[in-house]
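K.L.:
First, the structure itself, so that you have it in front of you.
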Amino acid sequence: MLAVKVLQEQDVEVVGLSFKSPFFDARGAERAARELGIPLLVVDMTEELLEVLKEPKHGFGRFFNPCTDCHALMVKKAYQLLREVGADFVATGEVLGQRPKSQQKHALNAVAKDSGARGLLLRPLSAKLLPPTEPEERGLVDRNRLLDLQGRGRQRQMELAAKYGLEKYPSPAGGCLLTDVAIARRLRRIFQHYKDVLDPSFLHISKIGRHFWVGQSLIVVARNESETNEIRKYTKQTDYLLELADTAGPLTVVRSLSEPSPELLHLAALLTVRYSKARTEERVWVQIVKNDASVEQRILVTPSQLNELLQKLSVEQL
């Protein structure tokens, strides 16, 4: 928002651009664009982000966050849109040194290089601390009126926000779920076992439900109706879906690289019962359906056997 204001002070017309994926959305950008009075483009980058997550050139941060590679991908897509929107250059709100990994000088240089934008990438908030860019050299913006913000403190940013009358602005936390410790742990395991067959459904499902691993097989149990609806969106033809046959309860998905064993499906059925109101009953019927409709069966399970089977199969919950 501050970068937009700095450019608008120089009569630069700004078109907003934001990205979305399973781990971040554009809602904050939409609010900001309305407040700033600028048009906003929203681009889904899930497919490209999936490829970055498989092997980020610049590695991960503390969790499962390939921030430098992700920034480069965003700037690359922005650079590719220049002609389409009739723009002259790309600008971001990055501040030199604000992030310990992705906004150090070497990382900013890597983003400019890897994205292909190079000299057409302007960081208005720290421009005076960085080499001149083409927009400055061509006189499209006055370098003297750009800023020299640096470091992790935000006092000057808050003062500028007050100057521009910006009362609602994002917190420093950012909000990308790739920095969530639990989701990062799940994603590491998913990428460990399914890297060669990954598709976006894995990214979406990493955020949902209770996850149980038996070797390379994943069991996901929904926590509520909302998660049940979400899980249904991202199931695959080879997945097995389990629900209580005679009463309400959670949806459970079994995903495996090979056909799941009867014992694995029995475990999934017991977990389905465990997180339902039927968990205190002596025996419960569970419906098991393969998502391609090639298999459909009902099995009768005894909830009290769950702990024994969890131990026998060395189940790990993430």
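Chain labels follow the order of the structure tokens: the first chain is A, the next B, and so on; residue numbering restarts at 1 in every chain, and ligands are counted from 1 in their shown order.
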When you look at Leu300 of chain A with a cut-off of 8 Å (counting only C-alpha atoms), what residues show up, excluding the ones that are within fewer than 6 positions of it in the same chain? I need them as a list in words.
P.N.:
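So the residues in contact are Arg283, Val284, Trp285 and Val286 of chain A.
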K.L.:
Store the residues of this selection in a file with N, CA and C atoms, as an mmCIF file, in the first residue's frame.
P.N.:
```cif
data_model
loop_
_atom_site.group_PDB
_atom_site.id
_atom_site.type_symbol
_atom_site.label_atom_id
_atom_site.label_comp_id
_atom_site.auth_asym_id
_atom_site.auth_seq_id
_atom_site.Cartn_x
_atom_site.Cartn_y
_atom_site.Cartn_z
ATOM 1 N N ARG A 283 -20.642 -51.951 18.462
ATOM 2 C CA ARG A 283 -20.273 -52.250 17.077
ATOM 3 C C ARG A 283 -20.968 -51.236 16.169
ATOM 4 N N VAL A 284 -20.276 -50.868 15.067
ATOM 5 C CA VAL A 284 -20.785 -49.815 14.172
ATOM 6 C C VAL A 284 -20.538 -50.225 12.725
ATOM 7 N N TRP A 285 -21.535 -49.985 11.876
ATOM 8 C CA TRP A 285 -21.373 -50.229 10.438
ATOM 9 C C TRP A 285 -20.752 -49.002 9.775
ATOM 10 N N VAL A 286 -19.758 -49.257 8.915
ATOM 11 C CA VAL A 286 -19.082 -48.187 8.163
ATOM 12 C C VAL A 286 -19.160 -48.495 6.670
#
```
K.L.:
Please return, as an MDAnalysis selection string, all residues of segment 32-268 of chain A that DSSP assigns to alpha helix (DSSP H) on the basis of the backbone.
P.N.:
chainID A and resid 32:36 46:54 67:80 82:85 105:115 134:137 155:164 181:194 200:205 225:233 262:268
K.L.:
Choose the residue, out of A:Gln305, A:Arg154, A:Ser126, A:Arg99, that has the smallest atom-to-atom separation from Glu281 of chain A; count only C-alpha atoms.
P.N.:
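Nearest candidate to Glu281 of chain A out of A:Gln305, A:Arg154, A:Ser126, A:Arg99: A:Gln305.
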K.L.:
What gap, in Å, lies between atom CA of Asp25 of chain A and atom CA of Met74 of chain A?
P.N.:
13.5 Å
K.L.:
Counting only C-alpha atoms, which residue out of A:Leu166, A:Cys70, A:Ala248, A:Leu82 sits closest to Arg34 of chain A?
P.N.:
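Smallest separation from Arg34 of chain A among the options: A:Leu166.
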K.L.:
Using only C-alpha atoms, which residues sit within 8 Å of segment 146-149 of chain A once same-chain residues fewer than 3 positions away are excluded, as a PyMOL selection string?
P.N.:
chain A and resi 6+95-96+124-129+142-143+156
